[in-house]
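Peer 1: File name start07.cif; file contents mmCIF, C-alpha atoms; full text below.
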```cif
data_target
#
loop_
_atom_site.group_PDB
_atom_site.id
_atom_site.type_symbol
_atom_site.label_atom_id
_atom_site.label_comp_id
_atom_site.auth_asym_id
_atom_site.auth_seq_id
_atom_site.Cartn_x
_atom_site.Cartn_y
_atom_site.Cartn_z
ATOM 1 C CA MET A 1313 25.199 68.813 -21.786
ATOM 2 C CA LEU A 1314 24.677 72.376 -23.047
ATOM 3 C CA ASN A 1315 26.907 72.806 -26.082
ATOM 4 C CA TYR A 1316 24.494 74.774 -28.212
ATOM 5 C CA ILE A 1317 25.362 76.090 -31.686
ATOM 6 C CA LYS A 1318 24.504 79.473 -33.174
ATOM 7 C CA SER A 1319 22.978 80.045 -36.591
ATOM 8 C CA ASN A 1320 21.223 82.757 -38.600
ATOM 9 C CA MET A 1321 17.595 82.205 -39.536
ATOM 10 C CA LEU A 1322 15.546 82.280 -42.776
ATOM 11 C CA ILE A 1323 12.330 80.809 -44.161
ATOM 12 C CA ASN A 1324 12.745 77.989 -46.656
ATOM 13 C CA ARG A 1325 10.066 76.856 -49.090
ATOM 14 C CA PRO A 1326 10.456 73.997 -51.558
ATOM 15 C CA GLY A 1327 10.657 75.096 -55.164
ATOM 16 C CA ALA A 1328 11.177 78.814 -54.487
ATOM 17 C CA ILE A 1329 14.818 79.187 -55.548
ATOM 18 C CA ILE A 1330 13.994 81.452 -58.509
ATOM 19 C CA ILE A 1331 11.868 83.744 -56.341
ATOM 20 C CA PHE A 1332 14.659 83.874 -53.785
ATOM 21 C CA LEU A 1333 17.242 84.884 -56.368
ATOM 22 C CA LEU A 1334 15.017 87.710 -57.542
ATOM 23 C CA LEU A 1335 13.958 88.994 -54.134
ATOM 24 C CA SER A 1336 16.720 88.249 -51.653
ATOM 25 C CA CYS A 1337 18.527 91.551 -52.137
ATOM 26 C CA SER A 1338 15.426 93.608 -51.409
ATOM 27 C CA CYS A 1339 13.940 91.602 -48.559
ATOM 28 C CA SER A 1340 14.167 93.435 -45.220
ATOM 29 C CA SER A 1341 11.690 91.468 -43.110
ATOM 30 C CA GLY A 1342 14.306 89.139 -41.606
ATOM 31 C CA HIS A 1343 13.180 86.026 -43.437
ATOM 32 C CA LYS A 1344 13.546 84.843 -47.039
ATOM 33 C CA GLU A 1345 12.386 81.955 -49.178
ATOM 34 C CA ILE A 1346 14.877 79.426 -50.510
ATOM 35 C CA SER A 1347 14.551 75.964 -51.992
ATOM 36 C CA THR A 1348 15.199 72.886 -49.908
ATOM 37 C CA ASP A 1349 13.622 70.504 -52.479
ATOM 38 C CA ASP A 1350 11.713 68.393 -49.931
ATOM 39 C CA ARG A 1351 11.304 70.359 -46.686
ATOM 40 C CA TYR A 1352 9.253 73.281 -45.368
ATOM 41 C CA TYR A 1353 11.682 75.059 -43.075
ATOM 42 C CA LEU A 1354 11.102 78.107 -40.885
ATOM 43 C CA ASN A 1355 14.229 80.110 -40.128
ATOM 44 C CA PHE A 1356 14.647 83.582 -38.611
ATOM 45 C CA ASP A 1357 17.663 85.796 -38.025
ATOM 46 C CA SER A 1358 16.449 87.314 -34.723
ATOM 47 C CA ALA A 1359 13.781 87.094 -32.052
ATOM 48 C CA ALA A 1360 12.271 90.313 -33.391
ATOM 49 C CA HIS A 1361 11.742 88.720 -36.781
ATOM 50 C CA LEU A 1362 10.141 85.682 -35.158
ATOM 51 C CA HIS A 1363 7.751 88.044 -33.363
ATOM 52 C CA SER A 1364 6.960 89.830 -36.624
ATOM 53 C CA TYR A 1365 6.355 86.604 -38.521
ATOM 54 C CA LEU A 1366 3.988 85.137 -35.926
ATOM 55 C CA ASN A 1367 2.106 88.292 -34.999
ATOM 56 C CA ASP A 1368 2.073 90.131 -38.326
ATOM 57 C CA THR A 1369 2.575 87.738 -41.250
ATOM 58 C CA ILE A 1370 0.570 84.836 -39.825
ATOM 59 C CA ARG A 1371 -2.085 86.951 -38.077
ATOM 60 C CA ASN A 1372 -2.829 88.813 -41.310
ATOM 61 C CA SER A 1373 -2.713 85.827 -43.660
ATOM 62 C CA HIS A 1374 -5.802 85.187 -45.795
ATOM 63 C CA ARG A 1375 -5.514 81.412 -45.299
ATOM 64 C CA ILE A 1376 -4.348 78.803 -42.815
ATOM 65 C CA ASN A 1377 -0.623 79.332 -43.171
ATOM 66 C CA LEU A 1378 0.950 77.678 -40.129
ATOM 67 C CA LEU A 1379 0.329 74.597 -38.000
ATOM 68 C CA SER A 1380 1.583 73.707 -34.547
ATOM 69 C CA ALA A 1381 2.478 70.012 -34.439
ATOM 70 C CA HIS A 1382 1.355 68.724 -31.036
ATOM 71 C CA ARG A 1383 4.155 66.520 -29.664
ATOM 72 C CA GLY A 1384 5.718 66.786 -33.112
ATOM 73 C CA GLY A 1385 3.042 65.043 -35.165
ATOM 74 C CA ALA A 1386 3.394 61.350 -34.264
ATOM 75 C CA GLY A 1387 2.298 58.544 -36.584
ATOM 76 C CA LYS A 1388 3.068 55.016 -37.668
ATOM 77 C CA GLU A 1389 6.781 54.336 -37.017
ATOM 78 C CA LEU A 1390 7.073 57.955 -35.865
ATOM 79 C CA PRO A 1391 7.080 58.413 -32.045
ATOM 80 C CA GLU A 1392 5.925 61.598 -30.380
ATOM 81 C CA ASN A 1393 8.637 63.984 -29.146
ATOM 82 C CA SER A 1394 11.306 62.574 -31.470
ATOM 83 C CA LEU A 1395 13.561 64.459 -33.881
ATOM 84 C CA GLU A 1396 12.775 61.991 -36.654
ATOM 85 C CA THR A 1397 9.066 62.752 -36.316
ATOM 86 C CA PHE A 1398 9.712 66.501 -36.355
ATOM 87 C CA GLU A 1399 11.694 66.154 -39.573
ATOM 88 C CA ASN A 1400 8.927 64.073 -41.153
ATOM 89 C CA THR A 1401 6.318 66.747 -40.368
ATOM 90 C CA LEU A 1402 8.396 69.347 -42.185
ATOM 91 C CA LYS A 1403 8.320 67.248 -45.347
ATOM 92 C CA TYR A 1404 4.669 68.230 -45.692
ATOM 93 C CA THR A 1405 3.981 71.611 -44.130
ATOM 94 C CA TYR A 1406 5.269 74.685 -42.352
ATOM 95 C CA SER A 1407 4.864 73.961 -38.662
ATOM 96 C CA ILE A 1408 6.072 75.011 -35.280
ATOM 97 C CA ILE A 1409 6.737 71.994 -33.049
ATOM 98 C CA GLU A 1410 5.211 71.588 -29.568
ATOM 99 C CA VAL A 1411 7.436 69.519 -27.241
ATOM 100 C CA ASP A 1412 7.409 68.309 -23.636
ATOM 101 C CA PRO A 1413 10.532 68.892 -21.497
ATOM 102 C CA ARG A 1414 11.167 66.727 -18.427
ATOM 103 C CA TYR A 1415 14.100 66.217 -16.091
ATOM 104 C CA SER A 1416 16.020 62.961 -15.872
ATOM 105 C CA LYS A 1417 17.287 61.776 -12.494
ATOM 106 C CA ASP A 1418 20.579 63.583 -13.086
ATOM 107 C CA SER A 1419 18.871 66.830 -14.193
ATOM 108 C CA VAL A 1420 19.287 66.523 -17.958
ATOM 109 C CA ILE A 1421 16.257 68.000 -19.733
ATOM 110 C CA VAL A 1422 14.805 65.405 -22.109
ATOM 111 C CA LEU A 1423 11.667 65.405 -24.266
ATOM 112 C CA HIS A 1424 8.939 63.085 -23.019
ATOM 113 C CA HIS A 1425 5.247 63.754 -22.503
ATOM 114 C CA ASP A 1426 4.211 61.311 -19.785
ATOM 115 C CA LYS A 1427 5.614 61.143 -16.275
ATOM 116 C CA THR A 1428 6.154 57.440 -16.866
ATOM 117 C CA LEU A 1429 8.009 55.631 -19.638
ATOM 118 C CA ASP A 1430 5.570 52.763 -20.157
ATOM 119 C CA ARG A 1431 3.366 54.090 -22.977
ATOM 120 C CA THR A 1432 5.979 55.503 -25.340
ATOM 121 C CA THR A 1433 9.232 53.635 -24.622
ATOM 122 C CA THR A 1434 10.606 50.168 -23.917
ATOM 123 C CA GLY A 1435 11.117 51.208 -20.292
ATOM 124 C CA THR A 1436 8.858 51.274 -17.238
ATOM 125 C CA GLY A 1437 8.472 53.622 -14.302
ATOM 126 C CA LEU A 1438 9.090 57.342 -13.873
ATOM 127 C CA VAL A 1439 11.294 59.319 -16.254
ATOM 128 C CA SER A 1440 12.736 61.075 -13.208
ATOM 129 C CA ASP A 1441 13.973 57.768 -11.771
ATOM 130 C CA TYR A 1442 16.361 57.230 -14.689
ATOM 131 C CA THR A 1443 19.649 58.970 -15.426
ATOM 132 C CA TYR A 1444 20.196 60.311 -18.920
ATOM 133 C CA GLU A 1445 22.593 57.453 -19.654
ATOM 134 C CA GLU A 1446 19.966 54.926 -18.553
ATOM 135 C CA LEU A 1447 17.289 56.605 -20.670
ATOM 136 C CA GLN A 1448 19.519 56.280 -23.724
ATOM 137 C CA LYS A 1449 19.345 52.493 -23.441
ATOM 138 C CA LEU A 1450 15.599 52.648 -24.200
ATOM 139 C CA PHE A 1451 13.808 52.871 -27.534
ATOM 140 C CA LEU A 1452 10.746 54.936 -28.395
ATOM 141 C CA ARG A 1453 7.413 53.375 -29.392
ATOM 142 C CA ASP A 1454 5.119 54.773 -32.080
ATOM 143 C CA ILE A 1455 1.421 55.592 -31.637
ATOM 144 C CA ASP A 1456 0.506 51.915 -32.072
ATOM 145 C CA GLY A 1457 3.016 50.778 -29.462
ATOM 146 C CA ASN A 1458 5.501 49.411 -31.978
ATOM 147 C CA ILE A 1459 9.186 49.691 -31.069
ATOM 148 C CA THR A 1460 11.210 52.044 -33.267
ATOM 149 C CA PRO A 1461 14.985 52.529 -33.531
ATOM 150 C CA PHE A 1462 14.671 56.063 -32.157
ATOM 151 C CA LYS A 1463 15.882 57.394 -28.786
ATOM 152 C CA ILE A 1464 14.612 59.973 -26.296
ATOM 153 C CA PRO A 1465 16.185 63.301 -27.325
ATOM 154 C CA THR A 1466 17.439 66.017 -24.997
ATOM 155 C CA LEU A 1467 16.126 69.560 -25.160
ATOM 156 C CA GLU A 1468 19.622 70.573 -26.208
ATOM 157 C CA GLU A 1469 19.510 68.225 -29.172
ATOM 158 C CA ALA A 1470 16.061 69.478 -30.151
ATOM 159 C CA LEU A 1471 17.107 73.131 -30.015
ATOM 160 C CA LYS A 1472 20.137 72.332 -32.136
ATOM 161 C CA TRP A 1473 17.960 70.460 -34.608
ATOM 162 C CA ALA A 1474 15.448 73.311 -34.801
ATOM 163 C CA LYS A 1475 17.993 75.935 -35.851
ATOM 164 C CA GLY A 1476 17.263 76.766 -39.457
ATOM 165 C CA LYS A 1477 14.264 74.424 -39.560
ATOM 166 C CA SER A 1478 11.463 75.265 -37.156
ATOM 167 C CA VAL A 1479 10.400 76.836 -33.862
ATOM 168 C CA LEU A 1480 9.955 74.730 -30.735
ATOM 169 C CA VAL A 1481 7.042 75.429 -28.382
ATOM 170 C CA LEU A 1482 8.297 74.396 -24.947
ATOM 171 C CA ASP A 1483 5.554 73.026 -22.708
ATOM 172 C CA LYS A 1484 6.117 72.969 -18.949
ATOM 173 C CA LYS A 1485 5.750 69.463 -17.487
ATOM 174 C CA ASP A 1486 8.226 69.417 -14.565
ATOM 175 C CA VAL A 1487 10.642 72.040 -15.940
ATOM 176 C CA SER A 1488 10.162 75.573 -14.592
ATOM 177 C CA VAL A 1489 9.861 78.638 -16.791
ATOM 178 C CA GLU A 1490 13.253 79.775 -15.466
ATOM 179 C CA ASP A 1491 14.977 76.547 -16.490
ATOM 180 C CA ARG A 1492 13.337 76.455 -19.898
ATOM 181 C CA LEU A 1493 14.365 80.054 -20.504
ATOM 182 C CA ARG A 1494 17.898 79.325 -19.316
ATOM 183 C CA ALA A 1495 18.184 76.467 -21.825
ATOM 184 C CA VAL A 1496 16.982 78.747 -24.629
ATOM 185 C CA GLU A 1497 19.442 81.469 -23.655
ATOM 186 C CA GLU A 1498 22.389 79.083 -23.384
ATOM 187 C CA CYS A 1499 21.557 77.950 -26.905
ATOM 188 C CA ASP A 1500 21.104 81.532 -28.130
ATOM 189 C CA ALA A 1501 17.750 80.236 -29.402
ATOM 190 C CA GLU A 1502 15.363 83.137 -28.803
ATOM 191 C CA ALA A 1503 14.700 83.175 -32.557
ATOM 192 C CA ASN A 1504 13.525 79.569 -32.678
ATOM 193 C CA ALA A 1505 11.764 78.895 -29.369
ATOM 194 C CA ILE A 1506 8.441 79.767 -27.731
ATOM 195 C CA ILE A 1507 7.991 79.222 -23.999
ATOM 196 C CA MET A 1508 4.578 78.275 -22.649
ATOM 197 C CA ALA A 1509 3.507 80.430 -19.714
ATOM 198 C CA TYR A 1510 0.544 78.882 -17.940
ATOM 199 C CA THR A 1511 -0.143 81.909 -15.751
ATOM 200 C CA PHE A 1512 0.190 85.635 -16.282
ATOM 201 C CA GLU A 1513 2.649 85.691 -13.399
ATOM 202 C CA GLU A 1514 4.857 83.207 -15.266
ATOM 203 C CA ALA A 1515 4.618 85.401 -18.354
ATOM 204 C CA ARG A 1516 5.560 88.509 -16.380
ATOM 205 C CA HIS A 1517 8.470 86.699 -14.737
ATOM 206 C CA CYS A 1518 9.742 85.312 -18.047
ATOM 207 C CA TYR A 1519 9.535 88.728 -19.711
ATOM 208 C CA ALA A 1520 11.374 90.354 -16.806
ATOM 209 C CA MET A 1521 14.223 87.872 -17.302
ATOM 210 C CA ASN A 1522 14.370 88.208 -21.091
ATOM 211 C CA LYS A 1523 12.475 90.822 -23.057
ATOM 212 C CA ASP A 1524 13.183 89.125 -26.395
ATOM 213 C CA VAL A 1525 11.670 85.746 -25.633
ATOM 214 C CA MET A 1526 8.429 84.691 -27.329
ATOM 215 C CA MET A 1527 5.760 83.071 -25.163
ATOM 216 C CA GLN A 1528 2.491 81.210 -25.597
ATOM 217 C CA ILE A 1529 -0.109 82.254 -23.057
ATOM 218 C CA PHE A 1530 -3.644 80.972 -22.415
ATOM 219 C CA ILE A 1531 -6.694 83.241 -22.625
ATOM 220 C CA ASN A 1532 -10.227 81.842 -22.876
ATOM 221 C CA ASN A 1533 -12.410 84.861 -22.107
ATOM 222 C CA GLN A 1534 -12.592 88.597 -22.677
ATOM 223 C CA ASP A 1535 -11.908 89.500 -19.042
ATOM 224 C CA LYS A 1536 -8.535 87.771 -19.307
ATOM 225 C CA VAL A 1537 -7.677 89.942 -22.319
ATOM 226 C CA LEU A 1538 -8.297 93.070 -20.258
ATOM 227 C CA GLU A 1539 -6.276 91.640 -17.391
ATOM 228 C CA PHE A 1540 -3.313 90.882 -19.654
ATOM 229 C CA ASP A 1541 -3.428 94.467 -20.930
ATOM 230 C CA ASN A 1542 -2.184 95.567 -17.508
ATOM 231 C CA ILE A 1543 0.512 93.044 -16.556
ATOM 232 C CA GLY A 1544 3.371 94.798 -18.359
ATOM 233 C CA VAL A 1545 4.083 92.217 -21.071
ATOM 234 C CA PRO A 1546 3.731 93.460 -24.683
ATOM 235 C CA TRP A 1547 1.234 91.613 -26.847
ATOM 236 C CA LYS A 1548 3.930 91.314 -29.519
ATOM 237 C CA ASN A 1549 5.801 88.956 -27.186
ATOM 238 C CA VAL A 1550 3.013 86.387 -27.084
ATOM 239 C CA ILE A 1551 0.821 84.154 -29.150
ATOM 240 C CA VAL A 1552 -2.440 83.181 -27.445
ATOM 241 C CA PHE A 1553 -3.901 79.706 -27.113
ATOM 242 C CA VAL A 1554 -7.640 80.343 -26.981
ATOM 243 C CA THR A 1555 -9.471 77.026 -26.994
ATOM 244 C CA HIS A 1556 -9.530 73.307 -27.742
ATOM 245 C CA GLU A 1557 -13.107 73.646 -28.995
ATOM 246 C CA ILE A 1558 -14.502 74.813 -32.314
ATOM 247 C CA PRO A 1559 -15.074 78.563 -31.808
ATOM 248 C CA GLU A 1560 -18.661 79.796 -31.769
ATOM 249 C CA SER A 1561 -17.993 83.531 -31.891
ATOM 250 C CA PRO A 1562 -15.226 85.808 -33.176
ATOM 251 C CA GLU A 1563 -15.367 88.405 -30.389
ATOM 252 C CA LEU A 1564 -12.527 87.015 -28.263
ATOM 253 C CA PHE A 1565 -10.374 86.470 -31.325
ATOM 254 C CA ASN A 1566 -11.051 90.011 -32.505
ATOM 255 C CA MET A 1567 -9.966 91.439 -29.141
ATOM 256 C CA ILE A 1568 -6.682 89.524 -29.218
ATOM 257 C CA ASN A 1569 -5.957 90.152 -32.897
ATOM 258 C CA SER A 1570 -6.650 93.866 -32.542
ATOM 259 C CA ARG A 1571 -3.898 94.012 -29.918
ATOM 260 C CA GLY A 1572 -1.392 92.570 -32.378
ATOM 261 C CA SER A 1573 -1.234 88.962 -31.195
ATOM 262 C CA THR A 1574 -2.003 85.743 -33.075
ATOM 263 C CA CYS A 1575 -4.580 83.240 -31.807
ATOM 264 C CA VAL A 1576 -4.045 79.477 -31.593
ATOM 265 C CA VAL A 1577 -6.827 76.871 -31.586
ATOM 266 C CA GLY A 1578 -6.260 73.190 -30.802
ATOM 267 C CA THR A 1579 -8.137 70.583 -32.846
ATOM 268 C CA SER A 1580 -6.720 67.369 -31.351
ATOM 269 C CA ARG A 1581 -9.870 66.827 -29.247
ATOM 270 C CA THR A 1582 -12.340 67.690 -31.989
ATOM 271 C CA LEU A 1583 -11.719 67.945 -35.727
ATOM 272 C CA ASP A 1584 -8.574 65.808 -35.829
ATOM 273 C CA LYS A 1585 -10.673 62.810 -34.817
ATOM 274 C CA GLU A 1586 -13.176 63.560 -37.577
ATOM 275 C CA LEU A 1587 -10.375 63.946 -40.083
ATOM 276 C CA MET A 1588 -8.842 60.576 -39.256
ATOM 277 C CA GLN A 1589 -12.236 58.853 -39.602
ATOM 278 C CA HIS A 1590 -13.460 60.687 -42.694
ATOM 279 C CA ASP A 1591 -14.821 59.250 -45.901
ATOM 280 C CA ASP A 1592 -15.031 60.808 -49.344
ATOM 281 C CA GLU A 1593 -18.576 61.999 -48.725
ATOM 282 C CA ASN A 1594 -17.811 64.281 -45.762
ATOM 283 C CA ILE A 1595 -14.235 65.410 -46.414
ATOM 284 C CA ALA A 1596 -15.383 68.749 -47.864
ATOM 285 C CA GLU A 1597 -17.417 69.396 -44.721
ATOM 286 C CA ILE A 1598 -14.414 68.642 -42.506
ATOM 287 C CA ARG A 1599 -12.223 70.949 -44.574
ATOM 288 C CA SER A 1600 -14.746 73.758 -44.199
ATOM 289 C CA LYS A 1601 -14.738 73.287 -40.403
ATOM 290 C CA TYR A 1602 -10.969 73.774 -40.234
ATOM 291 C CA GLU A 1603 -11.211 76.782 -42.520
ATOM 292 C CA SER A 1604 -13.974 78.258 -40.361
ATOM 293 C CA ILE A 1605 -11.566 78.325 -37.414
ATOM 294 C CA HIS A 1606 -9.236 80.536 -39.424
ATOM 295 C CA LYS A 1607 -12.127 82.740 -40.573
ATOM 296 C CA MET A 1608 -13.131 83.115 -36.928
ATOM 297 C CA GLY A 1609 -9.709 84.666 -36.237
ATOM 298 C CA ALA A 1610 -7.217 81.891 -35.447
ATOM 299 C CA GLY A 1611 -3.849 82.206 -37.174
ATOM 300 C CA ILE A 1612 -2.380 78.889 -36.009
ATOM 301 C CA ILE A 1613 -4.017 75.468 -35.647
ATOM 302 C CA GLU A 1614 -2.441 73.093 -33.135
ATOM 303 C CA THR A 1615 -2.990 69.544 -34.370
ATOM 304 C CA ASP A 1616 -2.020 65.964 -33.597
ATOM 305 C CA VAL A 1617 -2.056 65.144 -37.318
ATOM 306 C CA PRO A 1618 -0.157 67.887 -39.166
ATOM 307 C CA VAL A 1619 0.738 65.624 -42.089
ATOM 308 C CA ASN A 1620 -2.873 64.579 -42.724
ATOM 309 C CA LEU A 1621 -4.153 68.108 -42.182
ATOM 310 C CA SER A 1622 -1.575 69.594 -44.555
ATOM 311 C CA LYS A 1623 -3.038 67.442 -47.331
ATOM 312 C CA LEU A 1624 -6.508 68.806 -46.635
ATOM 313 C CA ILE A 1625 -5.869 72.530 -46.327
ATOM 314 C CA THR A 1626 -3.506 74.965 -48.005
ATOM 315 C CA THR A 1627 -0.593 75.842 -45.699
ATOM 316 C CA ASN A 1628 2.140 76.531 -48.262
#
```
Could you show the structure in this file as structure tokens?
Peer 2:
Amino acid sequence: MLNYIKSNMLINRPGAIIIFLLLSCSCSSGHKEISTDDRYYLNFDSAAHLHSYLNDTIRNSHRINLLSAHRGGAGKELPENSLETFENTLKYTYSIIEVDPRYSKDSVIVLHHDKTLDRTTTGTGLVSDYTYEELQKLFLRDIDGNITPFKIPTLEEALKWAKGKSVLVLDKKDVSVEDRLRAVEECDAEANAIIMAYTFEEARHCYAMNKDVMMQIFINNQDKVLEFDNIGVPWKNVIVFVTHEIPESPELFNMINSRGSTCVVGTSRTLDKELMQHDDENIAEIRSKYESIHKMGAGIIETDVPVNLSKLITTN
């Protein structure tokens, strides 16, 4: 199943063709801006330039400049973990795309969040009880349970899709860090993939196998920052998921940022719910809460509703 393609990487911004023509000859950062008319594409020419973008450009931005679309940013007629949903998100905002790899019965890595098929597909039972061919007979459901014409994609298909468009954040589920890294390497996709490492040992192991790969690690207190200092993995190789809560203090963020790494905060359990239930009277208050997360030191907001959030805050 692994017939990955290779491509160079850039950054694309709608309406920037004139700027690109003026600046492309002098740009040396590894990414440029070009017009795609109706898409916000992220595209890098090497893993080093991905590292620089995430941990320099985004970390030092004066505004919320990048979202992480949790499960791709599902919505009405747009299932989670589907290529069609990913593409829709990029109509509205720059975003990395968080996805959920799982094994089929015949060891094909597919994208599906739940262990079972019932909630998000027309099938029932465990994903791992179905072969890839059997899974392709099913259709995905949207967030309201409505059947769509879309199919469960493979990780291979997603990595191919992401080239020249975005960066996939590969969650773990039942696929080991070794197998996720192997899929990235076979696709030559170090410049458009981030591997979640749930433990420092996983991060150390992943870095030992490939010193170019970008990872997302999890640090929720200052002691963990000091511990990570000594595990042998450079801070430039990681972004750091800090919390699912609204931050109360900048100290932890300051420690991470000062080491050259960008912080991620998830809002799916907090502000996203407020945003989806807002009225005209409190929308300014909700906007200020999202902006306060950035002011606290987070460079990336992971959200279930990237399209809605992109209309509220400036990300482009």
Peer 1: Could you state the separation of CA of Ile1568 in chain A and CA of Ala1381 in chain A in Å, given to one decimal place?
Peer 2: 22.2 Å
Peer 1: Give me the result of the PyMOL selection byres ((chain A and resi 1588-1600) around 12) on this file, residue by residue, as a ChimeraX atom specification.
Peer 2: /A:1376,1387,1558,1579-1587,1601-1608,1615-1626
Peer 1: If you take all atoms listed in the file and a cut-off of 12 Å, which residues of range 1359-1475 of chain A touch range 1501-1514 of chain A, and what are their nearest atom pairs and distances in Å to one decimal, in chain and number order, as CSV?
Peer 2:
```
residue,atom,partner,partner_atom,distance
A:Ala1359,CA,A:Ala1503,CA,4.1
A:Ala1360,CA,A:Ala1503,CA,7.6
A:His1361,CA,A:Ala1503,CA,7.6
A:Leu1362,CA,A:Ala1503,CA,5.8
A:His1363,CA,A:Ala1503,CA,8.5
A:Ser1364,CA,A:Ala1503,CA,11.0
A:Tyr1365,CA,A:Ala1503,CA,10.8
A:Leu1366,CA,A:Ile1506,CA,10.8
A:Ser1380,CA,A:Ile1506,CA,11.4
A:Ser1407,CA,A:Asn1504,CA,11.9
A:Ile1408,CA,A:Ala1505,CA,9.1
A:Ile1409,CA,A:Ala1505,CA,9.3
A:Glu1410,CA,A:Ile1506,CA,9.0
A:Val1411,CA,A:Ile1507,CA,10.2
A:Asp1412,CA,A:Met1508,CA,10.4
A:Pro1413,CA,A:Ile1507,CA,10.9
A:Leu1467,CA,A:Ala1505,CA,11.1
A:Glu1468,CA,A:Ala1501,CA,10.3
A:Ala1470,CA,A:Ala1505,CA,10.4
A:Leu1471,CA,A:Ala1501,CA,7.2
A:Lys1472,CA,A:Ala1501,CA,8.7
A:Trp1473,CA,A:Asn1504,CA,10.3
A:Ala1474,CA,A:Asn1504,CA,6.9
A:Lys1475,CA,A:Asn1504,CA,6.6
```
Peer 1: Using all atoms listed in the file, find the one residue out of A:Asp1456, A:Pro1546, A:Val1422, A:Glu1557 that sits nearest to Ala1495 in chain A.
Peer 2: A:Val1422
Peer 1: Expanded to explicit residues, what is the PyMOL selection byres ((chain A and resi 1368) around 12) for this file, as a PDB file with C-alpha atoms, in the frame of the given file?
Peer 2:
```
ATOM      1  CA  SER A1341      11.690  91.468 -43.110  1.00  0.00           C
ATOM      2  CA  ALA A1360      12.271  90.313 -33.391  1.00  0.00           C
ATOM      3  CA  HIS A1361      11.742  88.720 -36.781  1.00  0.00           C
ATOM      4  CA  LEU A1362      10.141  85.682 -35.158  1.00  0.00           C
ATOM      5  CA  HIS A1363       7.751  88.044 -33.363  1.00  0.00           C
ATOM      6  CA  SER A1364       6.960  89.830 -36.624  1.00  0.00           C
ATOM      7  CA  TYR A1365       6.355  86.604 -38.521  1.00  0.00           C
ATOM      8  CA  LEU A1366       3.988  85.137 -35.926  1.00  0.00           C
ATOM      9  CA  ASN A1367       2.106  88.292 -34.999  1.00  0.00           C
ATOM     10  CA  THR A1369       2.575  87.738 -41.250  1.00  0.00           C
ATOM     11  CA  ILE A1370       0.570  84.836 -39.825  1.00  0.00           C
ATOM     12  CA  ARG A1371      -2.085  86.951 -38.077  1.00  0.00           C
ATOM     13  CA  ASN A1372      -2.829  88.813 -41.310  1.00  0.00           C
ATOM     14  CA  SER A1373      -2.713  85.827 -43.660  1.00  0.00           C
ATOM     15  CA  HIS A1374      -5.802  85.187 -45.795  1.00  0.00           C
ATOM     16  CA  TRP A1547       1.234  91.613 -26.847  1.00  0.00           C
ATOM     17  CA  LYS A1548       3.930  91.314 -29.519  1.00  0.00           C
ATOM     18  CA  ASN A1549       5.801  88.956 -27.186  1.00  0.00           C
ATOM     19  CA  VAL A1550       3.013  86.387 -27.084  1.00  0.00           C
ATOM     20  CA  ILE A1551       0.821  84.154 -29.150  1.00  0.00           C
ATOM     21  CA  ASN A1569      -5.957  90.152 -32.897  1.00  0.00           C
ATOM     22  CA  SER A1570      -6.650  93.866 -32.542  1.00  0.00           C
ATOM     23  CA  ARG A1571      -3.898  94.012 -29.918  1.00  0.00           C
ATOM     24  CA  GLY A1572      -1.392  92.570 -32.378  1.00  0.00           C
ATOM     25  CA  SER A1573      -1.234  88.962 -31.195  1.00  0.00           C
ATOM     26  CA  THR A1574      -2.003  85.743 -33.075  1.00  0.00           C
ATOM     27  CA  CYS A1575      -4.580  83.240 -31.807  1.00  0.00           C
ATOM     28  CA  GLY A1611      -3.849  82.206 -37.174  1.00  0.00           C
TER      29      GLY A1611
END
```
Peer 1: Report as a list in words the full result of the PyMOL selection byres ((chain A and resi 1393) around 10) when it is applied to this structure.
Peer 2: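 Selected by the PyMOL selection byres ((chain A and resi 1393) around 10) in this file: His1382, Arg1383, Gly1384, Gly1385, Ala1386, Leu1390, Pro1391, Glu1392, Ser1394, Leu1395, Glu1396, Thr1397, Phe1398, Ile1409, Glu1410, Val1411, Asp1412, Pro1413, Val1422, Leu1423, His1424, His1425, Thr1432, Leu1452, Lys1463, Ile1464, Pro1465, Thr1466 and Ala1470 of chain A.
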Peer 1: What does the structure give for the distance between CA of Val1487 in chain A and CA of Ser1440 in chain A, in Å to one decimal?
Peer 2: 11.5 Å
Peer 1: Could you state the separation of CA of Val1525 in chain A and CA of Glu1614 in chain A in Å, given to one decimal place?
Peer 2: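 Taking CA of Val1525 in chain A as the start and CA of Glu1614 in chain A as the end point, the length is 20.4 Å.
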Peer 1: Let me make sure I understand: among A:Met1526, A:Glu1560, A:Ala1520, A:Asn1458, which one has the smallest atom-to-atom distance to Ile1543 in chain A if we use only C-alpha atoms?
Peer 2: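 Under the stated criterion, the closest residue is A:Ala1520.
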Peer 1: Please output range 1586-1590 of chain A, rebuilt to include N, CA and C atoms, as an mmCIF file, keeping the file's coordinate frame.
Peer 2:
```
data_model
loop_
_atom_site.group_PDB
_atom_site.id
_atom_site.type_symbol
_atom_site.label_atom_id
_atom_site.label_comp_id
_atom_site.auth_asym_id
_atom_site.auth_seq_id
_atom_site.Cartn_x
_atom_site.Cartn_y
_atom_site.Cartn_z
ATOM 1 N N GLU A 1586 -12.330 63.655 -36.391
ATOM 2 C CA GLU A 1586 -13.176 63.560 -37.577
ATOM 3 C C GLU A 1586 -12.334 63.348 -38.827
ATOM 4 N N LEU A 1587 -11.233 64.055 -38.911
ATOM 5 C CA LEU A 1587 -10.375 63.946 -40.083
ATOM 6 C C LEU A 1587 -9.845 62.531 -40.257
ATOM 7 N N MET A 1588 -9.436 61.907 -39.169
ATOM 8 C CA MET A 1588 -8.842 60.576 -39.256
ATOM 9 C C MET A 1588 -9.885 59.487 -39.500
ATOM 10 N N GLN A 1589 -11.176 59.831 -39.368
ATOM 11 C CA GLN A 1589 -12.236 58.853 -39.602
ATOM 12 C C GLN A 1589 -13.100 59.222 -40.805
ATOM 13 N N HIS A 1590 -12.631 60.143 -41.621
ATOM 14 C CA HIS A 1590 -13.460 60.687 -42.694
ATOM 15 C C HIS A 1590 -13.646 59.674 -43.823
#
```
